[in-house]
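Written out below as structure tokens is the structure these notes cover.
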Amino acid sequence: MRNATRRTRTGARAGTRVAALCAALLLAGSAAPAVAAAPGAPRGTTATGAAADAASRSGRGTLVSADFLYSLEKPEDVTAWLTSAEFDAGTVRYGVDAYRLVYRTVDPHGRPTTASGLLVLPRGGGSRLRPVSFTHGTGSHKTNSPSMQTGGFLPAPPITYASAGYAGIAPDYLGMGVGPGPHPWMDVPSETTASLDMLRAARAFVTGTGRTLDQEVAVTGFSQGASAALGLARALQSGEDGWFRLSALAPVSGAYDFGGAELPALLAGELEPKSSVLYAAYTLVAFNRLHHLYDSPAEVFQAPYADTVEALFDGAHTGRQLMEGTPATLDKLLTAHGRDLLAHPTGPMAAALRTTDDVCDWAPRVPTRLYMASGDEQATIANTAHCRTALARHGVAAPVVDLGAVDYNGSRHLGSNVRGTAAIVRWLDELR
């Protein structure tokens with residue numbers, strides 16, 4: 001920094017980036033769009049009677065309830081909505097109807113639970129719809145979920161897909177939306193089961209409207225959701241569902257090598273400092289809940305954060321509260337043991353990271369692309385290089401699409417989701 005003007009501009013950019021983190025890493029709500037009731041769609045729970053009886057008999061993917069959320073009746077309404085969210089509206093062909101589905105699934109230990117997600121259907125496009133599964137990026141508050149937002153960053157991708165004539169299907173994940181319990185962050189197995197069961201619930205709901213979901217599923221996701229997308233894609237290709245089959249795969253800006261690339265970059269100071277603090281804290285807290293990494297938070301977190309940091313990730317604290325309740329740097333957050341646990345994982349931590357880091361260790365037999373943006377400040381691009389190399393070992397030549405210098409609220413990471421969404425729609429249209 002050579003002068004005061006340069007420092008001021010840098011400070012402004014830093015402030016914008018912190019705001020971006022609050023807006024997307026830890027989304028805390030969005031303004032509602034202008035919406036209207038869909039003809040024949042009630043404002044409330046629609047799954048009653050036979051559907052409720054089916055839910056009571058349990059079964060993964062059973063639809064428990066379906067709440068109508070909003071409609072964007074005409075293509076121009078969707079165009080205005082996406083434009084206000086700063087997403088590309090160039091692929092819009094239809095108006096859309098949005099619903100929150102609640103369905104039966106299993107938790108990380110295989111026990112029955114429920115989860116929710118967003119289903120967006122085009123108002124047109126025929127009776128048979130091609131589903132696109134979109135798995136979203138990191139959030140902490142339960143409302144940081146596609147089905148809990150009526151505007152902005154989170155529901156924009158499934159709305160984009162639906163307005164192009166697809167069925168946009170976006171699981172909230174376990175512990176998010178209206179699902180019970182804490183969110184098991186970066187737990188690919190439970191992200192996979194929640195995503196697969198959301199597809200099943202969506203099929204049940206769509207069948208009740210007189211339409212059908214095609215067997216061929218295009219799978220995509222952003223950031224945390226990129227790994228989740230790969231988990232779902234592998235499950236579909238292996239035949240874990242009797243109806244749905246994988247047709248295309250397009251993850252965006254994922255942490256595919258979470259232990260081998262993402263955590264080392266984070267610890268080395270190569271990524272944005274405040275997001276690195278939040279990701280490190282989330283990793284230790286969430287992984288400890290599933291894998292018991294430590295007995296006391298004081299083993300891995302410094303005072304005073306050892307007394308408060310676990311509660312911040314309970315699903316009830318807002319993004320602003322997380323930003324204010326954590327330090328600016330990793331050195332102020334982590335003890336020597338906490339840093340070592342992330343830098344040199346052993347035991348349960350190493351086992352957990354083997355699961356996160358093998359998401360690309362297979363051979364998709366469908367068209368596959370990896371989307372990223374150079375200069376990503378949250379997900380090091382070494383992740384994408386790792387995924388491409390892993391796929392190549394299995395004989396899959398997956399093109400890497402660099403989305404370029406696209407920022408959203410000062411974040412290149414978030415910008416990759418914005419630009420990647422419309423790019424993926426256009427690619428899927430080419431594959432039809």
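Order determines the names: the first chain of the structure tokens is A, the second B, and so forth; residues in each chain are numbered 1 upward, and ligands are numbered 1 upward as they are shown.
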
**Study point:** Exercise: Leu129 in chain A partners within 8 Å, only C-alpha atoms, chain neighbours under 4 positions left out, as an NGL selection string
**Key:** :A and (125 or 165-167 or 211-214)

Okay, now the selection with N, CA, C and O atoms, as a tab-separated table (two decimals), in the first residue's frame?
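And here's result35.tsv as it stands now:
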chain	number	residue	atom	x	y	z
A	125	GLY	N	-44.04	-25.91	-20.34
A	125	GLY	CA	-42.96	-26.83	-20.65
A	125	GLY	C	-43.37	-28.28	-20.79
A	125	GLY	O	-42.51	-29.15	-20.87
A	165	GLY	N	-37.37	-24.42	-18.04
A	165	GLY	CA	-38.16	-25.58	-18.40
A	165	GLY	C	-37.83	-26.85	-17.66
A	165	GLY	O	-38.43	-27.89	-17.91
A	166	TYR	N	-36.89	-26.78	-16.71
A	166	TYR	CA	-36.54	-27.93	-15.90
A	166	TYR	C	-37.31	-27.89	-14.57
A	166	TYR	O	-37.91	-26.87	-14.22
A	167	ALA	N	-37.27	-28.98	-13.84
A	167	ALA	CA	-37.75	-28.98	-12.46
A	167	ALA	C	-36.56	-28.69	-11.56
A	167	ALA	O	-35.63	-29.49	-11.48
A	211	ARG	N	-48.23	-34.20	-13.62
A	211	ARG	CA	-47.02	-34.20	-14.42
A	211	ARG	C	-46.09	-35.30	-13.92
A	211	ARG	O	-46.38	-35.95	-12.91
A	212	THR	N	-44.99	-35.51	-14.59
A	212	THR	CA	-44.04	-36.52	-14.17
A	212	THR	C	-42.63	-35.95	-14.23
A	212	THR	O	-42.35	-35.03	-15.01
A	213	LEU	N	-41.75	-36.51	-13.40
A	213	LEU	CA	-40.33	-36.19	-13.49
A	213	LEU	C	-39.65	-37.25	-14.33
A	213	LEU	O	-39.84	-38.46	-14.12
A	214	ASP	N	-38.85	-36.79	-15.27
A	214	ASP	CA	-38.08	-37.70	-16.11
A	214	ASP	C	-37.09	-38.49	-15.26
A	214	ASP	O	-36.71	-38.06	-14.16

Practice item. Run DSSP on the backbone of this structure and report the residues of range 151-383 of chain A it assigns to strand (DSSP E or B), as a ChimeraX atom specification. Key: /A:167-171,212-213,216-222,245-252,301,334,368,370-372

As a compact mmCIF listing (two decimals) with N, CA, C and O atoms, in the first residue's frame, please: all residues of range 105-327 of chain A that backbone DSSP puts in alpha helix (DSSP H).
# COMPACT_ATOMS: atom_id res chain seq x y z
N ALA A 156 -32.10 -18.55 -6.22
CA ALA A 156 -31.91 -18.13 -7.61
C ALA A 156 -31.54 -19.28 -8.55
O ALA A 156 -32.09 -19.36 -9.66
N PRO A 157 -30.63 -20.20 -8.18
CA PRO A 157 -30.33 -21.29 -9.11
C PRO A 157 -31.53 -22.18 -9.43
O PRO A 157 -31.83 -22.40 -10.61
N PRO A 158 -32.27 -22.74 -8.43
CA PRO A 158 -33.42 -23.56 -8.82
C PRO A 158 -34.48 -22.78 -9.58
O PRO A 158 -35.14 -23.34 -10.47
N ILE A 159 -34.64 -21.49 -9.31
CA ILE A 159 -35.58 -20.68 -10.08
C ILE A 159 -35.08 -20.54 -11.52
O ILE A 159 -35.86 -20.61 -12.48
N THR A 160 -33.78 -20.36 -11.69
CA THR A 160 -33.22 -20.27 -13.04
C THR A 160 -33.48 -21.55 -13.82
O THR A 160 -33.91 -21.51 -14.98
N TYR A 161 -33.24 -22.70 -13.19
CA TYR A 161 -33.46 -23.97 -13.88
C TYR A 161 -34.93 -24.16 -14.23
O TYR A 161 -35.27 -24.58 -15.35
N ALA A 162 -35.82 -23.87 -13.30
CA ALA A 162 -37.25 -24.05 -13.56
C ALA A 162 -37.73 -23.11 -14.66
O ALA A 162 -38.52 -23.51 -15.54
N SER A 163 -37.27 -21.88 -14.65
CA SER A 163 -37.72 -20.93 -15.66
C SER A 163 -37.21 -21.29 -17.05
O SER A 163 -37.74 -20.81 -18.06
N VAL A 188 -20.55 -35.65 3.55
CA VAL A 188 -21.02 -36.01 2.21
C VAL A 188 -22.03 -37.16 2.24
O VAL A 188 -23.01 -37.12 1.50
N PRO A 189 -21.85 -38.20 3.07
CA PRO A 189 -22.85 -39.28 3.07
C PRO A 189 -24.26 -38.79 3.40
O PRO A 189 -25.22 -39.19 2.72
N SER A 190 -24.42 -37.94 4.41
CA SER A 190 -25.77 -37.48 4.73
C SER A 190 -26.26 -36.42 3.75
O SER A 190 -27.47 -36.29 3.52
N GLU A 191 -25.36 -35.66 3.15
CA GLU A 191 -25.77 -34.76 2.07
C GLU A 191 -26.31 -35.57 0.89
O GLU A 191 -27.28 -35.17 0.24
N THR A 192 -25.68 -36.72 0.65
CA THR A 192 -26.12 -37.58 -0.45
C THR A 192 -27.50 -38.16 -0.19
O THR A 192 -28.38 -38.12 -1.06
N THR A 193 -27.72 -38.71 1.01
CA THR A 193 -29.02 -39.30 1.29
C THR A 193 -30.12 -38.25 1.31
O THR A 193 -31.23 -38.48 0.80
N ALA A 194 -29.83 -37.08 1.87
CA ALA A 194 -30.83 -36.01 1.89
C ALA A 194 -31.17 -35.55 0.47
O ALA A 194 -32.33 -35.26 0.17
N SER A 195 -30.18 -35.49 -0.40
CA SER A 195 -30.41 -35.06 -1.78
C SER A 195 -31.19 -36.10 -2.56
O SER A 195 -32.11 -35.77 -3.33
N LEU A 196 -30.84 -37.36 -2.40
CA LEU A 196 -31.55 -38.42 -3.10
C LEU A 196 -32.99 -38.52 -2.64
O LEU A 196 -33.92 -38.66 -3.45
N ASP A 197 -33.21 -38.41 -1.34
CA ASP A 197 -34.57 -38.50 -0.82
C ASP A 197 -35.40 -37.27 -1.20
O ASP A 197 -36.63 -37.37 -1.35
N MET A 198 -34.77 -36.13 -1.38
CA MET A 198 -35.48 -34.95 -1.88
C MET A 198 -35.97 -35.20 -3.31
O MET A 198 -37.09 -34.80 -3.67
N LEU A 199 -35.16 -35.83 -4.13
CA LEU A 199 -35.60 -36.18 -5.48
C LEU A 199 -36.83 -37.07 -5.43
O LEU A 199 -37.79 -36.88 -6.19
N ARG A 200 -36.83 -38.05 -4.54
CA ARG A 200 -37.96 -38.97 -4.43
C ARG A 200 -39.22 -38.24 -3.98
O ARG A 200 -40.31 -38.48 -4.51
N ALA A 201 -39.06 -37.33 -3.01
CA ALA A 201 -40.21 -36.56 -2.55
C ALA A 201 -40.74 -35.66 -3.66
O ALA A 201 -41.95 -35.50 -3.82
N ALA A 202 -39.83 -35.06 -4.43
CA ALA A 202 -40.24 -34.20 -5.54
C ALA A 202 -41.02 -35.00 -6.58
O ALA A 202 -42.03 -34.53 -7.12
N ARG A 203 -40.58 -36.20 -6.85
CA ARG A 203 -41.30 -37.04 -7.81
C ARG A 203 -42.71 -37.33 -7.32
O ARG A 203 -43.68 -37.27 -8.10
N ALA A 204 -42.84 -37.65 -6.03
CA ALA A 204 -44.17 -37.92 -5.48
C ALA A 204 -45.07 -36.70 -5.60
O ALA A 204 -46.25 -36.83 -5.98
N PHE A 205 -44.53 -35.53 -5.31
CA PHE A 205 -45.35 -34.32 -5.38
C PHE A 205 -45.74 -34.01 -6.83
O PHE A 205 -46.90 -33.71 -7.11
N VAL A 206 -44.78 -34.07 -7.73
CA VAL A 206 -45.05 -33.72 -9.13
C VAL A 206 -46.07 -34.67 -9.73
O VAL A 206 -46.96 -34.25 -10.49
N THR A 207 -45.99 -35.95 -9.38
CA THR A 207 -46.97 -36.92 -9.87
C THR A 207 -48.38 -36.52 -9.46
O THR A 207 -49.33 -36.67 -10.23
N GLY A 208 -48.51 -35.96 -8.27
CA GLY A 208 -49.82 -35.53 -7.79
C GLY A 208 -50.38 -34.32 -8.51
O GLY A 208 -51.56 -34.01 -8.38
N GLN A 224 -19.89 -25.99 -0.86
CA GLN A 224 -20.22 -27.20 -0.12
C GLN A 224 -21.08 -28.11 -0.98
O GLN A 224 -20.91 -29.33 -0.99
N GLY A 225 -22.01 -27.51 -1.71
CA GLY A 225 -22.91 -28.28 -2.54
C GLY A 225 -22.26 -28.95 -3.73
O GLY A 225 -22.84 -29.86 -4.32
N ALA A 226 -21.05 -28.53 -4.11
CA ALA A 226 -20.36 -29.21 -5.20
C ALA A 226 -19.95 -30.62 -4.79
O ALA A 226 -20.10 -31.57 -5.55
N SER A 227 -19.44 -30.75 -3.55
CA SER A 227 -19.13 -32.10 -3.04
C SER A 227 -20.39 -32.91 -2.87
O SER A 227 -20.44 -34.11 -3.19
N ALA A 228 -21.45 -32.27 -2.37
CA ALA A 228 -22.73 -32.97 -2.22
C ALA A 228 -23.25 -33.45 -3.57
O ALA A 228 -23.80 -34.55 -3.69
N ALA A 229 -23.07 -32.64 -4.61
CA ALA A 229 -23.51 -33.01 -5.95
C ALA A 229 -22.77 -34.25 -6.43
O ALA A 229 -23.37 -35.16 -7.04
N LEU A 230 -21.47 -34.31 -6.19
CA LEU A 230 -20.70 -35.48 -6.60
C LEU A 230 -21.15 -36.73 -5.84
O LEU A 230 -21.21 -37.82 -6.40
N GLY A 231 -21.49 -36.57 -4.56
CA GLY A 231 -22.01 -37.70 -3.80
C GLY A 231 -23.32 -38.20 -4.36
O GLY A 231 -23.53 -39.41 -4.51
N LEU A 232 -24.23 -37.28 -4.67
CA LEU A 232 -25.52 -37.67 -5.25
C LEU A 232 -25.32 -38.31 -6.62
O LEU A 232 -25.96 -39.33 -6.93
N ALA A 233 -24.46 -37.72 -7.44
CA ALA A 233 -24.23 -38.26 -8.78
C ALA A 233 -23.72 -39.69 -8.72
O ALA A 233 -24.17 -40.57 -9.48
N ARG A 234 -22.79 -39.95 -7.82
CA ARG A 234 -22.26 -41.31 -7.68
C ARG A 234 -23.35 -42.28 -7.23
O ARG A 234 -23.41 -43.41 -7.72
N ALA A 235 -24.22 -41.83 -6.32
CA ALA A 235 -25.31 -42.69 -5.85
C ALA A 235 -26.28 -43.00 -6.98
O ALA A 235 -26.75 -44.14 -7.13
N LEU A 236 -26.60 -42.00 -7.79
CA LEU A 236 -27.52 -42.23 -8.90
C LEU A 236 -26.91 -43.18 -9.92
O LEU A 236 -27.58 -44.09 -10.42
N GLN A 237 -25.64 -42.97 -10.26
CA GLN A 237 -25.00 -43.84 -11.24
C GLN A 237 -24.89 -45.28 -10.75
O GLN A 237 -25.00 -46.23 -11.53
N LEU A 263 -7.90 -27.08 3.45
CA LEU A 263 -7.42 -26.75 4.79
C LEU A 263 -5.97 -26.25 4.78
O LEU A 263 -5.66 -25.28 5.48
N PRO A 264 -5.06 -26.85 4.01
CA PRO A 264 -3.71 -26.29 3.95
C PRO A 264 -3.68 -24.85 3.44
O PRO A 264 -2.94 -24.01 3.96
N ALA A 265 -4.49 -24.53 2.42
CA ALA A 265 -4.52 -23.16 1.91
C ALA A 265 -5.08 -22.20 2.95
O ALA A 265 -4.59 -21.08 3.11
N LEU A 266 -6.08 -22.65 3.66
CA LEU A 266 -6.69 -21.85 4.72
C LEU A 266 -5.67 -21.55 5.82
O LEU A 266 -5.51 -20.42 6.25
N LEU A 267 -4.96 -22.59 6.25
CA LEU A 267 -3.99 -22.42 7.34
C LEU A 267 -2.78 -21.60 6.91
O LEU A 267 -2.15 -20.94 7.74
N PRO A 273 -9.13 -14.07 5.11
CA PRO A 273 -8.92 -14.40 6.52
C PRO A 273 -10.19 -14.68 7.32
O PRO A 273 -10.25 -15.66 8.06
N LYS A 274 -11.21 -13.85 7.18
CA LYS A 274 -12.39 -14.05 8.02
C LYS A 274 -13.16 -15.30 7.62
O LYS A 274 -13.63 -16.05 8.48
N SER A 275 -13.27 -15.56 6.33
CA SER A 275 -13.93 -16.80 5.92
C SER A 275 -13.13 -18.00 6.38
O SER A 275 -13.70 -19.04 6.76
N SER A 276 -11.81 -17.87 6.42
CA SER A 276 -10.97 -18.97 6.89
C SER A 276 -11.24 -19.26 8.38
O SER A 276 -11.29 -20.42 8.80
N VAL A 277 -11.41 -18.21 9.17
CA VAL A 277 -11.75 -18.38 10.58
C VAL A 277 -13.06 -19.14 10.72
O VAL A 277 -13.19 -20.09 11.51
N LEU A 278 -14.06 -18.72 9.96
CA LEU A 278 -15.38 -19.34 10.07
C LEU A 278 -15.36 -20.79 9.59
O LEU A 278 -15.96 -21.67 10.22
N TYR A 279 -14.67 -21.06 8.49
CA TYR A 279 -14.59 -22.44 8.00
C TYR A 279 -13.83 -23.34 8.97
O TYR A 279 -14.20 -24.49 9.19
N ALA A 280 -12.75 -22.83 9.55
CA ALA A 280 -11.99 -23.63 10.52
C ALA A 280 -12.84 -23.95 11.73
O ALA A 280 -12.86 -25.10 12.22
N ALA A 281 -13.56 -22.96 12.23
CA ALA A 281 -14.42 -23.18 13.39
C ALA A 281 -15.53 -24.17 13.07
O ALA A 281 -15.81 -25.09 13.85
N TYR A 282 -16.16 -23.99 11.91
CA TYR A 282 -17.25 -24.87 11.51
C TYR A 282 -16.74 -26.30 11.34
O TYR A 282 -17.42 -27.28 11.74
N THR A 283 -15.57 -26.45 10.76
CA THR A 283 -14.99 -27.79 10.58
C THR A 283 -14.84 -28.50 11.91
O THR A 283 -15.28 -29.65 12.09
N LEU A 284 -14.20 -27.85 12.86
CA LEU A 284 -13.93 -28.50 14.15
C LEU A 284 -15.23 -28.79 14.91
O LEU A 284 -15.39 -29.88 15.48
N VAL A 285 -16.14 -27.85 14.92
CA VAL A 285 -17.39 -28.05 15.66
C VAL A 285 -18.24 -29.14 15.01
O VAL A 285 -18.70 -30.06 15.69
N ALA A 286 -18.45 -29.04 13.71
CA ALA A 286 -19.31 -30.01 13.03
C ALA A 286 -18.71 -31.40 13.01
O ALA A 286 -19.40 -32.40 13.24
N PHE A 287 -17.41 -31.50 12.75
CA PHE A 287 -16.77 -32.82 12.72
C PHE A 287 -16.73 -33.44 14.11
O PHE A 287 -16.85 -34.65 14.26
N ASN A 288 -16.58 -32.61 15.13
CA ASN A 288 -16.55 -33.16 16.49
C ASN A 288 -17.90 -33.77 16.86
O ASN A 288 -17.96 -34.78 17.58
N ARG A 289 -18.98 -33.19 16.39
CA ARG A 289 -20.31 -33.73 16.70
C ARG A 289 -20.48 -35.14 16.15
O ARG A 289 -21.14 -35.98 16.76
N LEU A 290 -19.87 -35.42 15.01
CA LEU A 290 -20.02 -36.73 14.39
C LEU A 290 -18.90 -37.70 14.73
O LEU A 290 -19.12 -38.91 14.79
N HIS A 291 -17.69 -37.17 14.92
CA HIS A 291 -16.52 -38.04 14.99
C HIS A 291 -15.72 -37.93 16.29
O HIS A 291 -14.73 -38.63 16.44
N VAL A 309 -17.93 -20.67 20.96
CA VAL A 309 -17.93 -20.93 19.52
C VAL A 309 -18.85 -22.08 19.14
O VAL A 309 -19.51 -22.04 18.09
N GLU A 310 -18.96 -23.12 19.95
CA GLU A 310 -19.82 -24.25 19.58
C GLU A 310 -21.28 -23.81 19.48
O GLU A 310 -22.01 -24.23 18.57
N ALA A 311 -21.71 -22.95 20.41
CA ALA A 311 -23.10 -22.49 20.39
C ALA A 311 -23.41 -21.66 19.17
O ALA A 311 -24.57 -21.60 18.73
N LEU A 312 -22.41 -21.02 18.58
CA LEU A 312 -22.65 -20.20 17.41
C LEU A 312 -23.14 -21.03 16.23
O LEU A 312 -23.84 -20.51 15.35
N GLY A 319 -25.75 -15.03 10.66
CA GLY A 319 -24.43 -14.78 10.12
C GLY A 319 -23.73 -13.62 10.78
O GLY A 319 -22.54 -13.68 11.05
N ARG A 320 -24.47 -12.57 11.07
CA ARG A 320 -23.88 -11.43 11.75
C ARG A 320 -23.35 -11.82 13.12
O ARG A 320 -22.28 -11.38 13.53
N GLN A 321 -24.08 -12.67 13.84
CA GLN A 321 -23.62 -13.11 15.16
C GLN A 321 -22.35 -13.95 15.05
O GLN A 321 -21.46 -13.85 15.89
N LEU A 322 -22.25 -14.76 14.01
CA LEU A 322 -21.02 -15.53 13.82
C LEU A 322 -19.86 -14.62 13.48
O LEU A 322 -18.73 -14.82 13.97
N MET A 323 -20.10 -13.63 12.65
CA MET A 323 -19.03 -12.70 12.30
C MET A 323 -18.53 -11.97 13.54
O MET A 323 -17.33 -11.80 13.73
N GLU A 324 -19.47 -11.53 14.37
CA GLU A 324 -19.09 -10.75 15.56
C GLU A 324 -18.55 -11.62 16.69
O GLU A 324 -17.83 -11.13 17.55

**Study point:** Contacts of range 173-185 of chain A within 7 Å, only C-alpha atoms, excl. fewer than 4 positions in-chain, as JSON, numbers by chain
**Key:** {"A": [114, 115, 116, 142, 143, 145, 147, 148, 191, 194, 286, 314, 315]}

Practice item. Identify, on the basis of only C-alpha atoms, every residue whose closest approach to range 397-406 of chain A does not exceed 7 Å; exclude the query and any residue fewer than 2 positions from it along the same chain; express the result as an NGL selection string. Key: :A and (368-374 or 388 or 391-392 or 395 or 408 or 412 or 415-416 or 419-420)

Please produce a file of the residues just selected, as an mmCIF file, in the first residue's frame, where the atoms kept are C-alpha atoms.
data_model
loop_
_atom_site.group_PDB
_atom_site.id
_atom_site.type_symbol
_atom_site.label_atom_id
_atom_site.label_comp_id
_atom_site.auth_asym_id
_atom_site.auth_seq_id
_atom_site.Cartn_x
_atom_site.Cartn_y
_atom_site.Cartn_z
ATOM 1 C CA THR A 368 -19.208 -33.887 -16.896
ATOM 2 C CA ARG A 369 -17.817 -30.400 -16.449
ATOM 3 C CA LEU A 370 -16.063 -28.699 -13.538
ATOM 4 C CA TYR A 371 -16.807 -24.982 -13.128
ATOM 5 C CA MET A 372 -14.564 -22.582 -11.195
ATOM 6 C CA ALA A 373 -13.322 -18.994 -11.144
ATOM 7 C CA SER A 374 -9.671 -17.983 -10.971
ATOM 8 C CA ARG A 388 -9.882 -33.199 -12.615
ATOM 9 C CA LEU A 391 -11.421 -38.196 -12.612
ATOM 10 C CA ALA A 392 -8.663 -38.571 -15.220
ATOM 11 C CA GLY A 395 -10.463 -42.368 -17.650
ATOM 12 C CA TYR A 408 -20.835 -10.965 -6.443
ATOM 13 C CA ARG A 412 -15.202 -14.164 -6.685
ATOM 14 C CA GLY A 415 -19.679 -14.840 -8.372
ATOM 15 C CA SER A 416 -18.839 -18.281 -9.719
ATOM 16 C CA ARG A 419 -22.272 -16.910 -13.608
ATOM 17 C CA GLY A 420 -22.089 -20.701 -13.411
#

Review point. Excluding same-chain residues fewer than 6 positions from Ala218 in chain A, what lies within 6 Å of it counting only C-alpha atoms, as a ChimeraX atom specification?
Key: /A:132,247-248

Export of the given selection (N, CA and C atoms) as a JSON list (two decimals), in the first residue's frame:
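Result went into out.json, see below:
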[["chain", "number", "residue", "atom", "x", "y", "z"],
["A", 132, "VAL", "N", -33.36, -31.06, -12.37],
["A", 132, "VAL", "CA", -32.01, -30.60, -12.09],
["A", 132, "VAL", "C", -31.88, -30.48, -10.58],
["A", 247, "SER", "N", -27.71, -38.06, -15.59],
["A", 247, "SER", "CA", -27.60, -37.72, -17.01],
["A", 247, "SER", "C", -26.50, -36.70, -17.30],
["A", 248, "ALA", "N", -26.15, -35.88, -16.33],
["A", 248, "ALA", "CA", -25.09, -34.87, -16.51],
["A", 248, "ALA", "C", -24.63, -34.41, -15.14]]

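You can rank A:Ser71, A:Ser411, A:Asn144, A:Thr355 by their closest distance to Val120 in chain A using only C-alpha atoms, and at the top of that list sits A:Ser71.
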
Review point. Restricting the calculation to only C-alpha atoms, which member of A:Ala336, A:Ala351, A:Ala385, A:Ala328 is positioned closest to Gly254 in chain A?
Key: A:Ala385

For Arg104 in chain A, list every protein, DNA or RNA residue within 7 Å, evaluated using only C-alpha atoms, and leave out those in the same chain fewer than 6 positions away; present the list as a JSON list (two decimals) with N, CA and C atoms, in the first residue's frame.
[["chain", "number", "residue", "atom", "x", "y", "z"],
["A", 58, "SER", "N", -43.61, -44.34, 7.11],
["A", 58, "SER", "CA", -42.17, -44.10, 6.99],
["A", 58, "SER", "C", -41.69, -44.46, 5.59],
["A", 59, "GLY", "N", -40.37, -44.58, 5.45],
["A", 59, "GLY", "CA", -39.77, -44.84, 4.16],
["A", 59, "GLY", "C", -39.04, -43.62, 3.65],
["A", 60, "ARG", "N", -37.78, -43.80, 3.28],
["A", 60, "ARG", "CA", -36.97, -42.69, 2.77],
["A", 60, "ARG", "C", -37.60, -42.08, 1.54],
["A", 61, "GLY", "N", -37.64, -40.76, 1.50],
["A", 61, "GLY", "CA", -38.20, -40.06, 0.36],
["A", 61, "GLY", "C", -39.70, -39.89, 0.41],
["A", 62, "THR", "N", -40.34, -40.41, 1.45],
["A", 62, "THR", "CA", -41.78, -40.22, 1.58],
["A", 62, "THR", "C", -42.10, -38.75, 1.80],
["A", 63, "LEU", "N", -43.04, -38.23, 1.04],
["A", 63, "LEU", "CA", -43.44, -36.85, 1.18],
["A", 63, "LEU", "C", -44.32, -36.66, 2.41],
["A", 64, "VAL", "N", -43.88, -35.81, 3.31],
["A", 64, "VAL", "CA", -44.64, -35.52, 4.53],
["A", 64, "VAL", "C", -45.59, -34.35, 4.30],
["A", 113, "THR", "N", -35.32, -39.48, 10.18],
["A", 113, "THR", "CA", -35.50, -38.06, 10.48],
["A", 113, "THR", "C", -36.24, -37.43, 9.31],
["A", 114, "THR", "N", -36.41, -36.13, 9.34],
["A", 114, "THR", "CA", -37.03, -35.42, 8.23],
["A", 114, "THR", "C", -36.12, -34.29, 7.77],
["A", 115, "ALA", "N", -36.34, -33.86, 6.56],
["A", 115, "ALA", "CA", -35.60, -32.75, 5.99],
["A", 115, "ALA", "C", -36.54, -31.98, 5.06]]

Point to revise | Point-to-point distance from CA of Phe258 in chain A to CA of Glu377 in chain A, Å rounded to tenths | key: 14.8 Å

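Counting only C-alpha atoms, the residue from A:Ala261, A:Val359, A:Ala250, A:Ala170 that sits nearest to Val425 in chain A is A:Ala250.
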
Review point. Quick one, how far is CA of Ser253 in chain A from CA of Val78 in chain A?
Key: 25.6 Å

Point to revise | Exercise: Arg100 in chain A partners within 6 Å, only C-alpha atoms, chain neighbours under 6 positions left out, as a list in words | key: Ala66, Asp67, Gly117, Leu118 and Ser147 of chain A

Store the residues picked out above, limited to N, CA and C atoms, as a PDB file, in the first residue's frame.
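Okay, again-v4.pdb is ready:
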ATOM      1  N   ALA A  66     -46.204 -30.528   1.631  1.00  0.00           N
ATOM      2  CA  ALA A  66     -45.777 -29.648   0.546  1.00  0.00           C
ATOM      3  C   ALA A  66     -46.490 -28.321   0.706  1.00  0.00           C
ATOM      4  N   ASP A  67     -45.731 -27.274   0.975  1.00  0.00           N
ATOM      5  CA  ASP A  67     -46.302 -25.941   1.167  1.00  0.00           C
ATOM      6  C   ASP A  67     -46.033 -25.081  -0.057  1.00  0.00           C
ATOM      7  N   GLY A 117     -36.767 -29.020   1.556  1.00  0.00           N
ATOM      8  CA  GLY A 117     -36.093 -28.525   0.372  1.00  0.00           C
ATOM      9  C   GLY A 117     -37.040 -27.731  -0.497  1.00  0.00           C
ATOM     10  N   LEU A 118     -36.475 -27.094  -1.512  1.00  0.00           N
ATOM     11  CA  LEU A 118     -37.238 -26.245  -2.421  1.00  0.00           C
ATOM     12  C   LEU A 118     -37.443 -26.965  -3.748  1.00  0.00           C
ATOM     13  N   SER A 147     -35.368 -23.249   0.623  1.00  0.00           N
ATOM     14  CA  SER A 147     -36.813 -23.214   0.838  1.00  0.00           C
ATOM     15  C   SER A 147     -37.233 -22.160   1.853  1.00  0.00           C
TER      16      SER A 147
END

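In this model, the gap between CA of Ile169 in chain A and CA of Pro131 in chain A comes to 6.9 Å.
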